[in-house]
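Peer 1: You'll find model_16.txt just under this line, and it carries compact mmCIF, C-alpha atoms.
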# COMPACT_ATOMS: atom_id res chain seq x y z
CA SER A 85 -9.71 9.29 15.36
CA MET A 86 -11.71 12.16 13.98
CA LEU A 87 -8.91 12.99 11.51
CA ARG A 88 -8.85 9.42 10.12
CA CYS A 89 -12.63 9.50 9.74
CA GLU A 90 -12.46 12.79 7.81
CA GLN A 91 -9.69 11.37 5.61
CA MET A 92 -11.76 8.25 4.90
CA HIS A 93 -14.82 10.37 4.14
CA SER A 94 -12.78 12.39 1.65
CA MET A 95 -11.52 9.19 -0.03
CA LEU A 96 -15.02 7.72 -0.22
CA LEU A 97 -16.33 10.87 -1.92
CA GLN A 98 -14.05 9.92 -4.84
CA LYS A 99 -16.05 6.66 -5.20
CA PRO A 100 -13.09 4.28 -5.08
CA ASN A 101 -13.24 0.64 -6.13
CA ILE A 102 -10.34 -0.38 -3.86
CA ILE A 103 -8.68 1.19 -0.82
CA ALA A 104 -5.66 -0.74 0.40
CA GLY A 105 -2.80 -0.10 2.75
CA ASP A 106 -1.87 1.03 6.23
CA LEU A 107 -4.90 3.07 7.24
CA ASN A 108 -3.75 3.53 10.86
CA ALA A 109 -7.27 2.72 12.02
CA PHE A 110 -8.59 -0.09 14.20
CA PRO A 111 -11.47 -2.22 12.87
CA SER A 112 -13.80 -0.52 15.37
CA SER A 113 -12.69 3.00 14.39
CA ALA A 114 -15.03 5.53 12.85
CA ALA A 115 -12.94 5.48 9.65
CA ILE A 116 -13.33 1.73 9.09
CA LYS A 117 -16.99 1.76 10.15
CA LEU A 118 -17.65 4.53 7.62
CA ALA A 119 -15.86 2.61 4.86
CA THR A 120 -17.57 -0.72 5.56
CA GLN A 121 -21.01 0.35 6.80
CA GLY A 122 -21.52 3.64 4.97
CA TYR A 123 -22.17 5.63 8.16
CA VAL A 124 -20.88 6.37 11.65
CA HIS A 125 -23.20 7.33 14.49
CA SER A 126 -22.47 10.66 16.16
CA SER A 127 -22.02 8.86 19.51
CA HIS A 128 -19.05 6.83 18.20
CA GLU A 129 -16.09 7.45 20.50
CA ASP A 130 -13.99 8.86 17.64
CA LEU A 131 -16.63 11.53 17.00
CA ALA A 132 -17.99 12.16 20.50
CA GLN A 133 -15.07 14.31 21.65
CA TYR A 134 -15.21 16.40 18.47
CA ASN A 135 -18.95 16.88 18.89
CA LYS A 136 -18.51 17.85 22.56
CA LEU A 137 -15.73 20.36 21.84
CA ASN A 138 -17.80 21.95 19.08
CA ASP A 139 -21.11 21.94 20.98
CA ASN A 140 -22.43 19.66 18.30
CA ASP A 141 -24.07 16.30 18.81
CA SER A 142 -24.94 15.54 15.25
CA TYR A 143 -21.72 15.14 13.23
CA ALA A 144 -22.20 11.69 11.74
CA PRO A 145 -20.62 11.20 8.30
CA THR A 146 -22.25 8.98 5.70
CA SER A 147 -21.17 7.57 2.37
CA GLU A 148 -22.93 6.13 -0.67
CA ILE A 149 -20.00 3.74 -1.00
CA LYS A 150 -19.73 0.71 1.26
CA LEU A 151 -16.60 -1.37 0.86
CA SER A 152 -15.96 -4.92 2.03
CA SER A 153 -12.72 -6.34 3.30
CA ALA A 154 -10.93 -8.91 1.19
CA TYR A 155 -10.04 -10.47 4.56
CA ASP A 156 -12.56 -11.58 7.17
CA LEU A 157 -13.02 -8.63 9.57
CA SER A 158 -15.75 -10.28 11.63
CA SER A 159 -13.59 -12.55 13.77
CA PHE A 160 -11.00 -10.27 15.29
CA THR A 161 -10.79 -7.25 17.53
CA ASP A 162 -8.61 -4.17 17.49
CA ALA A 163 -5.72 -5.54 19.49
CA SER A 164 -6.12 -9.27 20.08
CA PRO A 165 -6.85 -12.34 17.95
CA SER A 166 -10.07 -14.24 18.10
CA SER A 167 -9.88 -17.49 20.04
CA SER A 168 -10.94 -19.47 16.98
CA PRO A 169 -10.31 -17.40 13.86
CA SER A 170 -11.13 -18.53 10.37
CA SER A 171 -8.25 -19.18 7.97
CA SER A 172 -8.55 -15.70 6.46
CA ALA A 173 -9.04 -13.86 9.77
CA LEU A 174 -6.49 -11.24 10.67
CA TYR A 175 -4.75 -11.48 13.98
CA TYR A 176 -2.61 -8.37 13.77
CA THR A 177 -1.18 -6.52 10.83
CA HIS A 178 1.19 -4.30 12.81
CA VAL A 179 3.47 -5.87 15.41
CA GLU A 180 5.81 -4.07 17.76
CA ALA A 181 7.09 -5.37 21.08
CA HIS A 182 4.48 -3.42 23.08
CA PHE A 183 1.85 -2.57 20.49
CA ARG A 184 -0.02 -5.01 18.29
CA ALA A 185 -3.03 -4.05 16.27
CA THR A 186 -4.89 -4.40 13.00
CA LEU A 187 -4.20 -1.26 10.98
CA ASP A 188 -3.89 -2.56 7.39
CA TYR A 189 -6.71 -3.39 5.01
CA ILE A 190 -7.71 -4.32 1.50
CA LEU A 191 -11.18 -2.82 1.08
CA ILE A 192 -13.08 -3.50 -2.13
CA ASP A 193 -16.36 -2.62 -3.79
CA ASP A 194 -18.01 -6.03 -3.76
CA ASN A 195 -20.46 -4.91 -6.44
CA ILE A 196 -17.48 -4.93 -8.80
CA PHE A 197 -15.02 -7.42 -7.29
CA GLU A 198 -15.05 -10.73 -5.52
CA THR A 199 -12.15 -12.07 -3.50
CA ALA A 200 -10.78 -15.22 -5.09
CA ALA A 201 -8.03 -15.78 -2.51
CA THR A 202 -6.07 -14.01 0.18
CA LEU A 203 -2.49 -14.52 1.27
CA PRO A 204 -2.66 -16.49 4.52
CA VAL A 205 -1.79 -14.47 7.59
CA PRO A 206 1.25 -16.09 9.17
CA ASN A 207 1.07 -17.42 12.70
CA LEU A 208 2.56 -14.84 15.04
CA ALA A 209 4.08 -17.51 17.29
CA ASP A 210 5.98 -18.94 14.31
CA MET A 211 7.22 -15.51 13.26
CA LEU A 212 8.16 -14.33 16.74
CA PRO A 213 9.20 -17.25 18.98
CA ASN A 214 9.79 -14.76 21.82
CA SER A 215 6.35 -13.26 22.39
CA ASN A 216 7.91 -10.04 23.67
CA ASP A 217 9.53 -9.35 20.30
CA GLY A 218 8.16 -7.23 17.50
CA PHE A 219 8.89 -6.43 13.89
CA PRO A 220 11.01 -5.72 11.99
CA THR A 221 13.23 -8.81 12.22
CA LEU A 222 15.75 -10.31 9.83
CA ASP A 223 13.03 -12.60 8.42
CA TYR A 224 10.25 -9.96 8.42
CA PRO A 225 11.77 -6.59 7.46
CA SER A 226 8.66 -4.47 8.04
CA ASP A 227 6.60 -3.63 11.12
CA HIS A 228 3.52 -4.63 9.11
CA ILE A 229 2.45 -8.07 7.89
CA LEU A 230 2.01 -8.41 4.13
CA LEU A 231 -1.60 -8.58 2.97
CA ALA A 232 -2.46 -9.61 -0.58
CA ALA A 233 -5.62 -10.65 -2.37
CA ASP A 234 -6.52 -12.06 -5.76
CA LEU A 235 -9.62 -10.26 -6.97
CA ARG A 236 -11.97 -11.17 -9.80
CA ILE A 237 -14.13 -8.73 -11.66
CA LYS A 238 -17.75 -9.82 -11.34
CA GLY A 239 -19.87 -10.34 -14.37
Mind turning this structure into structure tokens?
Peer 2:
Amino acid sequence: SMLRCEQMHSMLLQKPNIIAGDLNAFPSSAAIKLATQGYVHSSHEDLAQYNKLNDNDSYAPTSEIKLSSAYDLSSFTDASPSSSPSSSALYYTHVEAHFRATLDYILIDDNIFETAATLPVPNLADMLPNSNDGFPTLDYPSDHILLAADLRIKG
């Protein structure tokens, strides 16, 4: 959403080395595109409505900072797993009975850090034998899957 994009832009102005947590933003969102690419085109769906309402077609935030994900963001979509994900690919990070999405991230400045290892993302079928279930459960007490990364300082 536009609000998430503005929040991300504000965070990036602080020149962070790491942003991690529940960002409530899909991988294709303007907020994540801004964080990982350094810009968002004004035609992005998260910005288009704002631009239309404000008779503006040019709001397109940019950032000097481009962060990389400690996890592989290239092999999954907003709400469904890739058919053949890599071992570090995220399937979902937030799982409810009727809503599953990737909303959680570990974003790093890869000029400073390199990812040494990431906690494997558990198989959803193993965690939720009934595919109509969601979190939390007795075994998984949060509605988000734990993400963790070992980072090394470069140099």
Peer 1: Can I get the residues of segment 98-138 of chain A within 9 Å of segment 185-199 of chain A, each with the closest pair of atoms and their distance in Å to one decimal, using all atoms listed in the file, sorted chain first then ascending number, as a Markdown table?
Peer 2:
| residue | atom | partner | partner_atom | distance |
| --- | --- | --- | --- | --- |
| A:Pro100 | CA | A:Asp193 | CA | 7.7 |
| A:Asn101 | CA | A:Asp193 | CA | 5.1 |
| A:Ile102 | CA | A:Ile192 | CA | 4.5 |
| A:Ile103 | CA | A:Leu191 | CA | 5.1 |
| A:Ala104 | CA | A:Ile190 | CA | 4.3 |
| A:Gly105 | CA | A:Asp188 | CA | 5.4 |
| A:Asp106 | CA | A:Asp188 | CA | 4.3 |
| A:Leu107 | CA | A:Asp188 | CA | 5.7 |
| A:Asn108 | CA | A:Leu187 | CA | 4.8 |
| A:Ala109 | CA | A:Leu187 | CA | 5.1 |
| A:Phe110 | CA | A:Leu187 | CA | 5.6 |
| A:Pro111 | CA | A:Thr186 | CA | 6.9 |
| A:Ala119 | CA | A:Leu191 | CA | 8.1 |
| A:Thr120 | CA | A:Leu191 | CA | 8.1 |
Peer 1: What does the structure give for the distance between atom CA of Ala114 of chain A and atom CA of Ser85 of chain A, in Å to one decimal?
Peer 2: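 The value is 7.0 Å.
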Peer 1: Given all atoms listed in the file as the basis, pick out the residue of A:Ser226, A:Ala201, A:Met92, A:Ala209 nearest to Tyr155 of chain A.
Peer 2: A:Ala201
Peer 1: Report, in Å with one decimal, the straight-line distance from atom CA of Ser152 of chain A to atom CA of Gln121 of chain A.
Peer 2: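 These atoms are spaced 8.7 Å apart.
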Peer 1: How many Å separate atom CA of Thr146 of chain A from atom CA of Leu96 of chain A?
Peer 2: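 Atom-to-atom, atom CA of Thr146 of chain A to atom CA of Leu96 of chain A, that is 9.4 Å.
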Peer 1: Using all atoms listed in the file, find all polymer residues with an atom at most 6 Å away from the point (4.9, -3.6, 16.8); report them as a PyMOL selection string.
Peer 2: chain A and resi 178-181+183-184+218-219+227
Peer 1: Select, from A:Ala132, A:Leu208, A:Thr177, A:His182, the residue with the minimum atom-to-atom distance to His228 of chain A, counting all atoms listed in the file.
Peer 2: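 Nearest candidate to His228 of chain A out of A:Ala132, A:Leu208, A:Thr177, A:His182: A:Thr177.
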